[in-house]
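With compact mmCIF, C-alpha atoms inside, this is entry23.txt:
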```txt
# COMPACT_ATOMS: atom_id res chain seq x y z
CA MET A 1 21.71 -13.01 -13.88
CA LYS A 2 18.57 -14.89 -12.98
CA GLU A 3 17.86 -14.09 -9.33
CA ILE A 4 15.47 -16.72 -8.10
CA ALA A 5 15.41 -18.32 -4.65
CA ALA A 6 12.47 -20.46 -3.44
CA GLY A 7 9.69 -18.08 -4.26
CA ALA A 8 12.04 -15.15 -4.47
CA GLU A 9 13.02 -12.37 -6.73
CA ASP A 10 10.95 -10.34 -9.14
CA LEU A 11 9.53 -12.48 -11.74
CA ARG A 12 7.56 -13.18 -14.82
CA VAL A 13 4.09 -14.27 -15.78
CA ARG A 14 2.51 -16.50 -18.32
CA ARG A 15 -1.21 -17.35 -18.21
CA LEU A 16 -4.45 -15.83 -17.01
CA ARG A 17 -6.16 -16.93 -13.79
CA PRO A 18 -9.04 -15.44 -11.86
CA VAL A 19 -8.00 -13.59 -8.71
CA VAL A 20 -10.03 -14.33 -5.58
CA SER A 21 -9.73 -12.22 -2.43
CA LEU A 22 -11.38 -12.62 0.96
CA THR A 23 -12.08 -9.13 2.22
CA SER A 24 -14.93 -9.30 4.74
CA ALA A 25 -14.54 -8.57 8.42
CA GLY A 26 -17.50 -10.79 9.16
CA ALA A 27 -17.25 -14.33 10.41
CA ALA A 28 -15.82 -16.61 7.76
CA VAL A 29 -16.62 -20.28 8.32
CA LEU A 30 -14.62 -22.97 6.59
CA VAL A 31 -17.00 -25.84 5.90
CA ALA A 32 -15.70 -28.90 4.06
CA GLY A 33 -12.77 -26.79 2.97
CA VAL A 34 -14.91 -23.94 1.57
CA VAL A 35 -14.82 -20.40 2.93
CA THR A 36 -18.23 -18.81 3.35
CA VAL A 37 -18.41 -15.21 4.48
CA ALA A 38 -21.14 -13.49 6.48
CA THR A 39 -20.55 -9.79 5.91
CA GLN A 40 -21.39 -7.34 8.68
CA VAL A 41 -22.97 -4.08 7.63
CA GLY A 42 -20.33 -1.40 7.87
CA GLY A 43 -17.67 -3.94 8.66
CA VAL A 44 -14.00 -3.15 8.12
CA PRO A 45 -12.07 -5.51 5.84
CA PRO A 46 -9.40 -7.62 7.51
CA GLY A 47 -6.44 -5.32 7.87
CA GLY A 48 -8.73 -2.36 7.27
CA SER A 49 -7.84 -0.62 10.50
CA ARG A 50 -4.19 -0.95 9.54
CA LEU A 51 -4.61 0.12 5.93
CA ALA A 52 -7.62 2.39 6.10
CA ALA A 53 -5.55 5.54 5.68
CA ALA A 54 -3.76 4.16 2.65
CA ASP A 55 -5.11 3.97 -0.86
CA PRO A 56 -4.05 0.73 -2.63
CA THR A 57 -1.67 3.01 -4.47
CA VAL A 58 0.49 4.66 -1.86
CA THR A 59 2.31 7.81 -2.84
CA THR A 60 5.30 8.65 -0.71
CA SER A 61 6.27 12.20 -1.46
CA PRO A 62 8.42 14.29 0.86
CA SER A 63 6.43 16.06 3.54
CA PRO A 64 6.70 19.86 3.32
CA SER A 65 7.46 19.94 7.04
CA THR A 66 10.01 17.13 6.92
CA SER A 67 13.44 17.55 5.43
CA PRO A 68 16.23 14.97 5.42
CA SER A 69 19.27 15.62 7.53
CA ALA A 70 22.33 17.08 5.90
CA SER A 71 24.20 13.83 6.40
CA ALA A 72 21.37 11.86 4.80
CA SER A 73 21.27 14.03 1.68
CA PRO A 74 24.63 15.74 1.30
CA THR A 75 24.81 18.97 -0.66
CA PRO A 76 27.34 18.67 -3.47
CA ALA A 77 30.55 20.43 -2.44
CA THR A 78 31.88 21.06 -5.92
CA GLY A 79 29.11 19.76 -8.19
CA THR A 80 28.96 16.56 -10.15
CA ASP A 81 32.14 15.13 -11.64
CA SER A 82 31.98 15.42 -15.42
CA ALA A 83 34.70 12.84 -16.06
CA LEU A 84 33.10 10.23 -13.80
CA THR A 85 29.67 10.98 -15.25
CA ALA A 86 31.00 10.47 -18.77
CA ALA A 87 32.61 7.18 -17.73
CA ILE A 88 29.34 5.95 -16.21
CA LYS A 89 27.39 7.01 -19.31
CA ALA A 90 29.81 5.09 -21.51
CA ARG A 91 29.28 1.94 -19.47
CA MET A 92 25.51 2.28 -19.15
CA GLY A 93 25.30 2.91 -22.90
CA ASN A 94 25.99 -0.81 -23.29
CA ALA A 95 23.09 -1.84 -21.06
CA SER A 96 20.55 -2.30 -23.90
CA SER A 97 18.05 -0.23 -21.91
CA SER A 98 15.51 2.23 -23.27
CA SER A 99 16.03 4.37 -20.18
CA TYR A 100 18.27 4.41 -17.15
CA SER A 101 19.10 6.57 -14.15
CA VAL A 102 22.19 6.75 -11.97
CA VAL A 103 22.84 8.74 -8.79
CA VAL A 104 26.07 8.53 -6.80
CA ASP A 105 27.02 10.33 -3.58
CA VAL A 106 30.50 10.25 -2.07
CA ALA A 107 30.95 11.08 1.61
CA GLY A 108 32.66 14.45 2.02
CA ARG A 109 32.45 15.14 -1.70
CA GLY A 110 28.71 15.19 -2.32
CA ARG A 111 26.80 14.16 -5.42
CA VAL A 112 29.27 13.16 -8.13
CA VAL A 113 26.87 11.55 -10.63
CA ALA A 114 23.28 12.56 -11.38
CA ILE A 115 21.96 11.04 -14.59
CA ASN A 116 18.17 11.23 -14.84
CA GLY A 117 18.14 11.04 -11.05
CA GLY A 118 14.57 12.27 -10.68
CA ARG A 119 13.08 10.02 -13.36
CA ALA A 120 10.35 7.71 -12.04
CA MET A 121 11.34 4.12 -12.81
CA LEU A 122 10.24 0.58 -12.01
CA PRO A 123 12.40 -0.30 -8.98
CA ALA A 124 11.90 -4.09 -9.01
CA SER A 125 13.23 -5.62 -5.78
CA THR A 126 15.00 -2.49 -4.60
CA GLU A 127 11.49 -1.65 -3.32
CA LYS A 128 12.24 -4.12 -0.51
CA LEU A 129 14.62 -1.50 0.96
CA PHE A 130 11.63 0.73 1.72
CA THR A 131 9.57 -2.15 3.11
CA THR A 132 12.21 -3.47 5.49
CA LEU A 133 14.03 -0.40 6.80
CA PRO A 134 11.30 0.56 9.32
CA LEU A 135 11.43 -2.97 10.74
CA LEU A 136 15.21 -2.86 11.10
CA ILE A 137 15.00 0.46 12.90
CA ASN A 138 12.11 -0.33 15.24
CA HIS A 139 11.63 -4.10 15.52
CA ALA A 140 14.86 -5.89 14.63
CA GLN A 141 15.02 -7.77 17.95
CA ASP A 142 11.34 -8.71 18.03
CA HIS A 143 10.03 -12.18 17.26
CA LEU A 144 6.79 -13.30 15.62
CA VAL A 145 4.91 -15.62 17.96
CA THR A 146 2.22 -18.08 16.89
CA THR A 147 0.05 -19.19 19.82
CA ILE A 148 -2.52 -21.94 20.28
CA GLY A 149 -4.89 -21.57 23.21
CA ALA A 150 -8.37 -22.53 24.33
CA THR A 151 -11.43 -20.66 25.47
CA SER A 152 -11.50 -22.87 28.57
CA ALA A 153 -8.98 -24.99 30.43
CA PRO A 154 -8.94 -28.70 29.52
CA ARG A 155 -10.66 -31.05 31.96
CA SER A 156 -9.90 -34.75 31.84
CA GLY A 157 -8.33 -34.24 28.40
CA VAL A 158 -11.30 -32.33 26.97
CA VAL A 159 -11.57 -28.64 26.05
CA HIS A 160 -15.24 -27.70 26.32
CA GLY A 161 -14.96 -24.76 23.98
CA ASP A 162 -12.89 -23.60 21.02
CA LEU A 163 -9.25 -24.16 20.14
CA VAL A 164 -7.79 -20.84 18.96
CA ILE A 165 -4.64 -20.29 16.92
CA ARG A 166 -3.46 -16.70 17.12
CA THR A 167 -1.41 -15.90 14.03
CA SER A 168 1.33 -13.29 13.91
CA GLY A 169 1.64 -13.52 10.12
CA ASP A 170 5.05 -15.21 10.51
CA PRO A 171 6.26 -15.78 6.92
CA THR A 172 8.83 -18.34 8.08
CA LEU A 173 6.29 -20.74 9.61
CA LEU A 174 6.62 -24.28 8.24
CA ALA A 175 4.40 -27.36 8.27
CA LEU A 176 6.82 -29.01 10.70
CA ASP A 177 6.23 -26.07 13.07
CA LEU A 178 2.51 -26.88 12.95
CA SER A 179 3.37 -30.45 13.94
CA ALA A 180 5.42 -29.15 16.87
CA LEU A 181 2.56 -26.91 17.97
CA ALA A 182 0.14 -29.85 17.75
CA ARG A 183 2.43 -31.97 19.92
CA GLN A 184 2.58 -29.16 22.49
CA VAL A 185 -1.22 -29.09 22.63
CA HIS A 186 -1.24 -32.83 23.22
CA ALA A 187 1.46 -32.51 25.87
CA ALA A 188 -0.71 -29.91 27.63
CA GLY A 189 -3.23 -32.69 28.22
CA VAL A 190 -5.68 -32.03 25.39
CA ARG A 191 -7.19 -35.00 23.59
CA LYS A 192 -10.50 -33.60 22.40
CA VAL A 193 -11.96 -30.18 21.62
CA THR A 194 -15.75 -30.01 21.58
CA GLY A 195 -15.84 -26.62 19.87
CA ARG A 196 -14.26 -25.17 16.73
CA LEU A 197 -10.77 -24.54 15.42
CA VAL A 198 -10.60 -20.73 15.23
CA LEU A 199 -7.96 -18.59 13.54
CA ALA A 200 -7.47 -15.27 15.34
CA TYR A 201 -6.16 -12.98 12.60
CA GLY A 202 -6.17 -9.58 14.32
CA ASN A 203 -5.59 -6.83 11.74
CA LEU A 204 -3.87 -9.00 9.17
CA PRO A 205 -5.45 -8.79 5.68
CA PHE A 206 -6.76 -11.70 3.62
CA ALA A 207 -5.97 -10.35 0.14
CA ARG A 208 -3.94 -12.92 -1.82
CA THR A 209 -2.37 -10.49 -4.27
CA ARG A 210 -1.34 -6.84 -4.63
CA SER A 211 -2.43 -4.17 -7.04
CA GLY A 212 -0.11 -4.01 -10.05
CA TRP A 213 0.80 -7.70 -10.05
CA LYS A 214 0.63 -9.69 -13.26
CA TRP A 215 -2.03 -12.38 -13.18
CA SER A 216 0.37 -15.31 -13.16
CA TYR A 217 2.62 -14.17 -10.32
CA VAL A 218 0.45 -16.35 -8.06
CA PRO A 219 1.42 -19.16 -7.80
CA ASP A 220 4.10 -19.26 -10.51
CA ASP A 221 6.48 -16.85 -8.78
CA ILE A 222 5.03 -16.26 -5.31
CA GLY A 223 2.58 -18.11 -3.10
CA PRO A 224 -0.82 -16.53 -2.44
CA LEU A 225 -0.67 -14.15 0.52
CA SER A 226 -2.46 -15.11 3.72
CA PRO A 227 -2.80 -13.96 7.34
CA PHE A 228 -1.73 -17.49 8.31
CA PRO A 229 1.10 -18.37 5.92
CA VAL A 230 2.73 -21.79 5.98
CA ARG A 231 5.83 -22.67 3.94
CA SER A 232 5.39 -19.47 1.95
CA ASP A 233 1.94 -20.78 0.96
CA THR A 234 3.45 -23.28 -1.45
CA LEU A 235 2.07 -26.41 0.22
CA ARG A 236 -0.15 -26.93 -2.82
CA THR A 237 -0.44 -25.48 -6.31
CA THR A 238 -4.02 -26.58 -6.94
CA ALA A 239 -6.51 -23.94 -8.02
CA TRP A 240 -8.48 -24.42 -4.79
CA TYR A 241 -5.48 -23.92 -2.52
CA VAL A 242 -4.30 -20.89 -4.47
CA ALA A 243 -7.77 -19.36 -4.05
CA HIS A 244 -8.07 -20.37 -0.36
CA PRO A 245 -4.58 -20.52 1.22
CA THR A 246 -5.87 -19.70 4.72
CA ALA A 247 -8.41 -22.51 4.62
CA GLY A 248 -5.80 -24.85 3.19
CA ASN A 249 -3.26 -24.07 5.89
CA LEU A 250 -5.85 -24.44 8.66
CA GLY A 251 -6.74 -27.81 7.17
CA VAL A 252 -3.09 -28.83 7.49
CA LEU A 253 -3.07 -27.70 11.12
CA ARG A 254 -6.23 -29.69 11.86
CA ALA A 255 -4.64 -32.78 10.31
CA ARG A 256 -1.44 -32.30 12.35
CA LEU A 257 -3.50 -31.95 15.53
CA LEU A 258 -5.32 -35.19 14.76
CA ALA A 259 -2.03 -36.94 14.02
CA ALA A 260 -0.76 -35.75 17.41
CA GLY A 261 -3.83 -37.19 19.15
CA VAL A 262 -5.97 -34.05 19.39
CA ARG A 263 -9.43 -34.23 17.79
CA VAL A 264 -11.34 -31.02 17.08
CA VAL A 265 -15.06 -31.76 16.75
CA GLY A 266 -16.33 -28.41 15.46
CA ALA A 267 -15.87 -26.57 12.20
CA THR A 268 -12.94 -24.37 11.22
CA THR A 269 -13.54 -20.62 11.31
CA VAL A 270 -11.79 -17.26 11.57
CA ALA A 271 -12.37 -14.33 13.91
CA ARG A 272 -10.52 -11.08 14.47
CA SER A 273 -9.79 -11.29 18.21
CA PRO A 274 -11.37 -14.24 20.01
CA SER A 275 -10.44 -14.61 23.66
CA ILE A 276 -8.01 -17.20 24.96
CA THR A 277 -8.12 -18.18 28.63
CA THR A 278 -5.52 -20.95 28.53
CA VAL A 279 -2.35 -20.96 26.43
CA LEU A 280 -1.43 -24.45 25.27
CA ALA A 281 1.38 -23.99 22.71
CA LYS A 282 3.71 -21.37 21.26
CA HIS A 283 6.10 -21.08 18.35
CA SER A 284 8.53 -18.16 18.04
CA SER A 285 10.21 -17.14 14.81
CA GLY A 286 13.76 -16.00 14.53
CA SER A 287 14.28 -12.28 15.03
CA ILE A 288 12.62 -9.90 12.60
CA GLY A 289 16.12 -8.63 11.85
CA GLY A 290 17.04 -12.14 10.75
CA ILE A 291 13.93 -12.42 8.60
CA VAL A 292 14.77 -9.10 6.96
CA ARG A 293 18.31 -10.33 6.29
CA SER A 294 16.94 -13.37 4.46
CA THR A 295 14.45 -11.16 2.63
CA LEU A 296 17.07 -8.74 1.32
CA ARG A 297 19.96 -11.13 0.69
CA ASN A 298 17.90 -13.68 -1.21
CA SER A 299 15.23 -11.23 -2.41
CA ILE A 300 12.33 -13.32 -1.09
CA ASN A 301 9.18 -11.73 -2.41
CA PHE A 302 6.82 -13.63 -0.13
CA TYR A 303 8.66 -12.55 3.02
CA ALA A 304 8.59 -8.93 1.90
CA GLU A 305 4.85 -9.00 1.26
CA GLU A 306 4.02 -10.69 4.55
CA LEU A 307 6.28 -8.28 6.44
CA LEU A 308 4.32 -5.44 4.84
CA ASN A 309 1.10 -7.08 6.05
CA ILE A 310 2.52 -7.18 9.57
CA GLU A 311 3.83 -3.61 9.76
CA GLY A 312 1.22 -1.91 7.56
CA TRP A 313 1.73 0.92 5.08
CA THR A 314 2.22 3.78 7.54
CA PRO A 315 5.83 3.02 8.59
CA VAL A 316 6.86 2.57 4.94
CA VAL A 317 5.31 5.89 3.94
CA ASN A 318 6.80 7.66 6.95
CA ILE A 319 10.33 6.35 6.41
CA ALA A 320 10.30 7.52 2.79
CA LYS A 321 9.11 10.97 3.89
CA ALA A 322 11.74 11.18 6.61
CA ALA A 323 14.43 10.30 4.08
CA GLY A 324 13.12 12.84 1.57
CA SER A 325 12.36 10.12 -0.95
CA SER A 326 9.36 10.31 -3.27
CA GLY A 327 7.69 7.54 -5.17
CA VAL A 328 4.60 5.39 -5.66
CA THR A 329 4.26 1.89 -4.28
CA THR A 330 1.52 -0.72 -4.30
CA ASP A 331 3.38 -3.69 -2.80
CA GLY A 332 6.27 -4.62 -0.56
CA SER A 333 8.41 -6.73 -2.89
CA GLY A 334 8.70 -4.65 -6.06
CA LEU A 335 6.81 -7.18 -8.19
CA SER A 336 4.15 -4.59 -8.95
CA LEU A 337 4.26 -2.92 -12.33
CA SER A 338 2.68 0.14 -10.69
CA ASP A 339 5.62 0.84 -8.38
CA ARG A 340 7.78 3.84 -9.18
CA ARG A 341 10.98 5.06 -7.51
CA THR A 342 13.81 7.36 -8.51
CA ALA A 343 17.54 6.76 -8.24
CA ALA A 344 17.82 9.97 -6.19
CA GLY A 345 15.10 8.73 -3.87
CA GLU A 346 16.80 5.38 -3.36
CA VAL A 347 20.10 7.07 -2.56
CA ALA A 348 18.29 9.31 -0.08
CA LEU A 349 16.76 6.27 1.64
CA LEU A 350 20.10 4.44 1.79
CA GLU A 351 21.82 7.47 3.26
CA TYR A 352 19.03 7.83 5.81
CA ALA A 353 19.53 4.16 6.72
CA HIS A 354 23.27 4.66 7.06
CA THR A 355 22.78 7.43 9.63
CA SER A 356 20.11 5.50 11.55
CA ARG A 357 20.53 3.03 14.40
CA ALA A 358 19.91 0.27 11.85
CA ALA A 359 23.00 1.16 9.77
CA SER A 360 25.00 -1.96 10.62
CA LEU A 361 21.94 -4.21 10.35
CA MET A 362 21.16 -2.87 6.89
CA LEU A 363 24.74 -3.43 5.76
CA GLN A 364 24.71 -7.00 7.12
CA SER A 365 21.37 -7.67 5.41
CA LEU A 366 22.37 -6.59 1.92
CA PRO A 367 23.88 -9.07 -0.55
CA THR A 368 27.68 -8.81 -0.60
CA ALA A 369 29.59 -8.90 -3.88
CA CYS A 370 31.02 -12.37 -4.62
CA ARG A 371 30.01 -13.50 -1.12
CA THR A 372 26.32 -13.71 -0.31
CA GLY A 373 22.80 -13.68 -1.67
CA THR A 374 21.94 -12.39 -5.12
CA LEU A 375 25.44 -10.91 -5.54
CA LYS A 376 27.36 -14.07 -4.74
CA ASP A 377 28.25 -14.60 -8.42
CA GLU A 378 28.91 -10.95 -9.25
CA PHE A 379 32.13 -8.88 -8.95
CA CYS A 380 34.23 -12.01 -8.43
CA ASN A 381 37.94 -11.60 -9.31
CA THR A 382 37.56 -7.81 -9.27
CA ILE A 383 38.22 -5.02 -6.79
CA GLY A 384 34.51 -5.16 -5.97
CA ALA A 385 34.60 -8.63 -4.40
CA GLY A 386 33.55 -8.33 -0.77
CA GLN A 387 33.44 -4.54 -1.07
CA VAL A 388 30.01 -3.86 -2.57
CA TRP A 389 26.82 -4.20 -0.50
CA ALA A 390 23.73 -3.70 -2.61
CA LYS A 391 20.14 -4.74 -3.24
CA THR A 392 19.47 -6.19 -6.65
CA GLY A 393 16.25 -6.08 -8.62
CA THR A 394 15.03 -7.96 -11.67
CA LEU A 395 11.79 -8.02 -13.63
CA ASP A 396 11.18 -8.65 -17.30
CA HIS A 397 13.06 -5.80 -19.02
CA VAL A 398 13.98 -4.22 -15.67
CA LYS A 399 17.22 -4.28 -13.68
CA ALA A 400 18.24 -2.39 -10.55
CA LEU A 401 21.17 -2.16 -8.16
CA ALA A 402 21.28 0.12 -5.12
CA GLY A 403 23.66 0.12 -2.19
CA TYR A 404 27.08 1.01 -0.90
CA THR A 405 30.78 0.68 -1.65
CA THR A 406 33.97 2.66 -1.02
CA ASP A 407 36.13 4.52 -3.53
CA ALA A 408 39.88 4.64 -4.11
CA LYS A 409 40.27 7.11 -1.24
CA GLY A 410 38.33 4.93 1.15
CA ARG A 411 35.33 7.27 1.14
CA TRP A 412 31.85 5.87 1.63
CA VAL A 413 29.86 5.73 -1.63
CA THR A 414 26.09 5.43 -1.90
CA PHE A 415 24.64 4.65 -5.32
CA ALA A 416 21.48 3.64 -7.16
CA ILE A 417 21.25 2.46 -10.77
CA LEU A 418 17.88 1.70 -12.38
CA THR A 419 17.29 0.46 -15.92
CA ASN A 420 13.93 -0.03 -17.66
CA GLY A 421 13.12 -1.36 -21.11
CA ASP A 422 16.07 -3.76 -21.13
CA SER A 423 16.40 -6.10 -24.06
CA SER A 424 18.75 -8.14 -21.84
CA THR A 425 18.78 -7.84 -18.04
CA SER A 426 22.04 -9.77 -17.88
CA ARG A 427 23.66 -7.21 -20.16
CA ALA A 428 22.22 -4.43 -18.01
CA MET A 429 23.74 -6.07 -14.94
CA LYS A 430 27.15 -6.23 -16.59
CA SER A 431 26.94 -2.49 -17.26
CA MET A 432 26.00 -1.89 -13.63
CA VAL A 433 28.90 -3.97 -12.37
CA SER A 434 31.27 -2.09 -14.66
CA SER A 435 29.87 1.22 -13.41
CA VAL A 436 30.28 0.29 -9.75
CA LEU A 437 33.87 -0.80 -10.41
CA GLN A 438 34.42 2.67 -11.84
CA LEU A 439 33.19 4.07 -8.53
CA ARG A 440 35.62 1.82 -6.68
CA ARG A 441 38.46 3.42 -8.67
CA TYR A 442 37.22 6.98 -8.21
CA ALA A 443 39.64 9.39 -6.54
CA GLY A 444 38.22 12.77 -7.58
```
Could you render the structure from this file as structure tokens?
Amino acid sequence: MKEIAAGAEDLRVRRLRPVVSLTSAGAAVLVAGVVTVATQVGGVPPGGSRLAAADPTVTTSPSPSTSPSASASPTPATGTDSALTAAIKARMGNASSSSYSVVVDVAGRGRVVAINGGRAMLPASTEKLFTTLPLLINHAQDHLVTTIGATSAPRSGVVHGDLVIRTSGDPTLLALDLSALARQVHAAGVRKVTGRLVLAYGNLPFARTRSGWKWSYVPDDIGPLSPFPVRSDTLRTTAWYVAHPTAGNLGVLRARLLAAGVRVVGATTVARSPSITTVLAKHSSGSIGGIVRSTLRNSINFYAEELLNIEGWTPVVNIAKAAGSSGVTTDGSGLSLSDRRTAAGEVALLEYAHTSRAASLMLQSLPTACRTGTLKDEFCNTIGAGQVWAKTGTLDHVKALAGYTTDAKGRWVTFAILTNGDSSTSRAMKSMVSSVLQLRRYAG
């Protein structure tokens, strides 16, 4: 199954491009559409305060002082089920994979299948489970607010100072939202700004890509990352825009302001935390819980990466430790070829989620078999339809499926299946579907 939604799931690469990143904390001035950077000695890169404790490769191994709860990682009551394990092996033997791992826990019964459960594998988009769970637990009801203000109140239609847009990193922001913001500025009585257009980026990073990404992911499969994303940074596909998405998006905002009757005289620049004395316009996203639901159901890589920029690495590392899940991650979407997770670790995370206050939100956010998202065409006309909730993952030669179902006795089942080295990901998916249907019939 090819799982692609507007810049979404886990994808492939074709041709070499140079990668350009803006990583200075100094003042970056956008002149005639070109970013020039004045680096401060000892300056911290944008996002540095958020990411300073994290190496670009983040290892999330269980903390010696932290152990998962008994309900999150049930101890097998009677050991694995040999008959079920044999049935799963028979089905996964048809997956055309060079390696695979399967772990299955049944509530009240314990671990019934453990096939290569501790083997480090490419997780593909199941990595998004780790990225989004902290947000569901702690920030599901929050909204991402984009604000435009001024360094002085307008007088007779003129702001004698700078116009400042304070970004929240909202990955759902669209060009039409910029138009609405521009109209609000005009409605607030502003016709002219004598100073600059300034992007206040806070701690958000400027890096356009992640470690471990193939060179052609940007822009073939995902827009370049930015602290001020607009339409998933797919407004253009030119080499200049791909190298300078922040400058490009600010240029669009300037044009929308002018179209709304607001002329900014000065240059366009960025600053970490410029002051705003007068708020002129605001745009609020939907809830973060809603953004996560779109991210997981449709496997939107760009959303996952921008959400990681917003929350930072620490919550992701901490949630994995709390769940007792080890692994290595270098991005938020699972596109990275450096990411590694285990089936046992993914089951541990899912069980942790199911005992957390975000349990129902996680379930609602996952694709549902033959109903929603990347599973809408899977399990149809079977006993799995509407009864399997799982995150999919696809890369070249990689397939993954991790989530929940119930068995023949109505017991809650948590599972993770990872395949690497697939000659056919569609064939691997068929084997996974067949395996999960076997779990649905399980009564042991």
Determine, for each residue of stretch 84-146 of chain A having at least one atom at most 9 Å from an atom of stretch 422-429 of chain A, the closest pair of atoms and their separation in Å to one decimal, counting all atoms listed in the file; order by chain and ascending number, as a tab-separated table.
```
residue	atom	partner	partner_atom	distance
A:Met92	CA	A:Ala428	CA	7.6
A:Asn94	CA	A:Ala428	CA	7.4
A:Ala95	CA	A:Ala428	CA	4.1
A:Ser96	CA	A:Asp422	CA	5.5
A:Ser97	CA	A:Asp422	CA	4.1
A:Ser98	CA	A:Asp422	CA	6.4
A:Ser99	CA	A:Asp422	CA	8.2
```
Considering all atoms listed in the file, return as a PyMOL selection string whatever protein or nucleic-acid residues lie within 6 Å of A:Val113, sequence-local ones (same chain, fewer than 4 positions apart) excluded.
-> chain A and resi 80+85+103-104
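The coordinates place atom CA of A:Phe302 at 28.9 Å from atom CA of A:Leu258.
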Please identify all polymer residues within 12 Å of A:Ser82, counting all atoms listed in the file, omitting same-chain residues fewer than 5 positions from it, and present them as a PyMOL selection string.
-> chain A and resi 87-89+111-115+444
Which of these, A:Asn309, A:Ala175, A:Ile291, A:Ser152, has the shortest distance to A:Leu225 once you count all atoms listed in the file?
->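 Of A:Asn309, A:Ala175, A:Ile291, A:Ser152, the one nearest A:Leu225, counting all atoms listed in the file, is A:Asn309.
Remark: for A:Thr194, the closest of the candidate residues A:Thr368, A:Thr394, A:Thr126, A:Thr151 is A:Thr151 (distances computed over only C-alpha atoms).
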In Å, with one decimal, what is the gap from atom CA of A:Pro274 to atom CA of A:Leu181?
->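 That distance, rounded to one decimal, is 18.9 Å.
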Contacts of A:Gly334 at 6 Å (all atoms listed in the file; same-chain gap of 4+ positions) as a ChimeraX atom specification = /A:124-125,127
Using the selection just defined, write its residues with C-alpha atoms as a PDB file, in the frame of the given file.
```
ATOM      1  CA  ALA A 124      11.900  -4.090  -9.010  1.00  0.00           C
ATOM      2  CA  SER A 125      13.230  -5.620  -5.780  1.00  0.00           C
ATOM      3  CA  GLU A 127      11.490  -1.650  -3.320  1.00  0.00           C
TER       4      GLU A 127
END
```
Nearest to A:Ala207, chosen from A:Asp377, A:Asp177, A:Asp170, A:Glu306, with only C-alpha atoms counted in the distances = A:Glu306
Go through A:Leu133, A:Ala180, A:Ala200, A:Ala343 and flag the residue nearest A:Ile319, using only C-alpha atoms for the distances.
-> A:Leu133
May I have the residues within 7 Å of A:Arg340 as a VMD selection string, using all atoms listed in the file and disregarding those fewer than 5 positions away in the same chain?
-> chain A and resid 120 to 123 327 to 329
Check the smallest atom-to-atom distance from each of A:Arg191, A:His283, A:Arg183, A:Arg210 to A:Leu144 using all atoms listed in the file, then report the winner.
-> A:His283
Write out as a list of chain:residue names which residues come within 9 Å of A:Arg91 when counting all atoms listed in the file, dropping same-chain ones fewer than 4 positions away.
-> A:Ala86, A:Ala87, A:Ala95, A:Lys430, A:Ser431, A:Met432, A:Ser434, A:Ser435
Keeping C-alpha atoms for every residue in the selection just given, could you write it to a file as an mmCIF file, in the frame of the given file?
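Done, and the output landed in out-v4.cif:
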```
data_model
loop_
_atom_site.group_PDB
_atom_site.id
_atom_site.type_symbol
_atom_site.label_atom_id
_atom_site.label_comp_id
_atom_site.auth_asym_id
_atom_site.auth_seq_id
_atom_site.Cartn_x
_atom_site.Cartn_y
_atom_site.Cartn_z
ATOM 1 C CA ALA A 86 31.000 10.470 -18.770
ATOM 2 C CA ALA A 87 32.610 7.180 -17.730
ATOM 3 C CA ALA A 95 23.090 -1.840 -21.060
ATOM 4 C CA LYS A 430 27.150 -6.230 -16.590
ATOM 5 C CA SER A 431 26.940 -2.490 -17.260
ATOM 6 C CA MET A 432 26.000 -1.890 -13.630
ATOM 7 C CA SER A 434 31.270 -2.090 -14.660
ATOM 8 C CA SER A 435 29.870 1.220 -13.410
#
```
Nearest candidate to A:Met362 (options A:Thr295, A:Ser338, A:Ala188, A:Trp412; using only C-alpha atoms) =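 For A:Met362, the nearest of the given residues is A:Thr295.
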Grab the atom CA of A:Arg411 to atom CA of A:Ala385 distance for me, in Å with one decimal place.
-> 16.9 Å
Local residues around (-4.0, -25.3, -6.4), at most 12 Å away, using all atoms listed in the file, as a VMD selection string | chain A and resid 17 218 to 220 223 to 224 233 to 245 248
Could you give me the centre and size, in Å to one decimal, of an axis-aligned box around all listed atoms of stretch 415-427 of chain A with 3 Å added on every side, as AutoDock Vina command-line options?
```
--center_x 18.9 --center_y -2.6 --center_z -14.7 --size_x 17.5 --size_y 20.4 --size_z 24.7
```
Rebuild N, CA and C atoms on stretch 331-336 of chain A, as a short mmCIF file (atom, residue, chain, number, x, y, z; two decimals), keeping the file's coordinate frame?
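The result, stored in result-v3.cif:
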```
data_model
loop_
_atom_site.label_atom_id
_atom_site.label_comp_id
_atom_site.auth_asym_id
_atom_site.auth_seq_id
_atom_site.Cartn_x
_atom_site.Cartn_y
_atom_site.Cartn_z
N ASP A 331 3.05 -2.41 -3.44
CA ASP A 331 3.38 -3.69 -2.80
C ASP A 331 4.66 -3.56 -2.00
N GLY A 332 5.08 -4.66 -1.40
CA GLY A 332 6.27 -4.62 -0.56
C GLY A 332 7.49 -5.23 -1.20
N SER A 333 7.31 -5.96 -2.31
CA SER A 333 8.41 -6.73 -2.89
C SER A 333 9.01 -6.09 -4.14
N GLY A 334 8.24 -5.21 -4.80
CA GLY A 334 8.70 -4.65 -6.06
C GLY A 334 8.24 -5.45 -7.27
N LEU A 335 7.39 -6.46 -7.06
CA LEU A 335 6.81 -7.18 -8.19
C LEU A 335 5.84 -6.32 -8.98
N SER A 336 5.21 -5.37 -8.32
CA SER A 336 4.15 -4.59 -8.95
C SER A 336 4.67 -3.74 -10.10
#
```
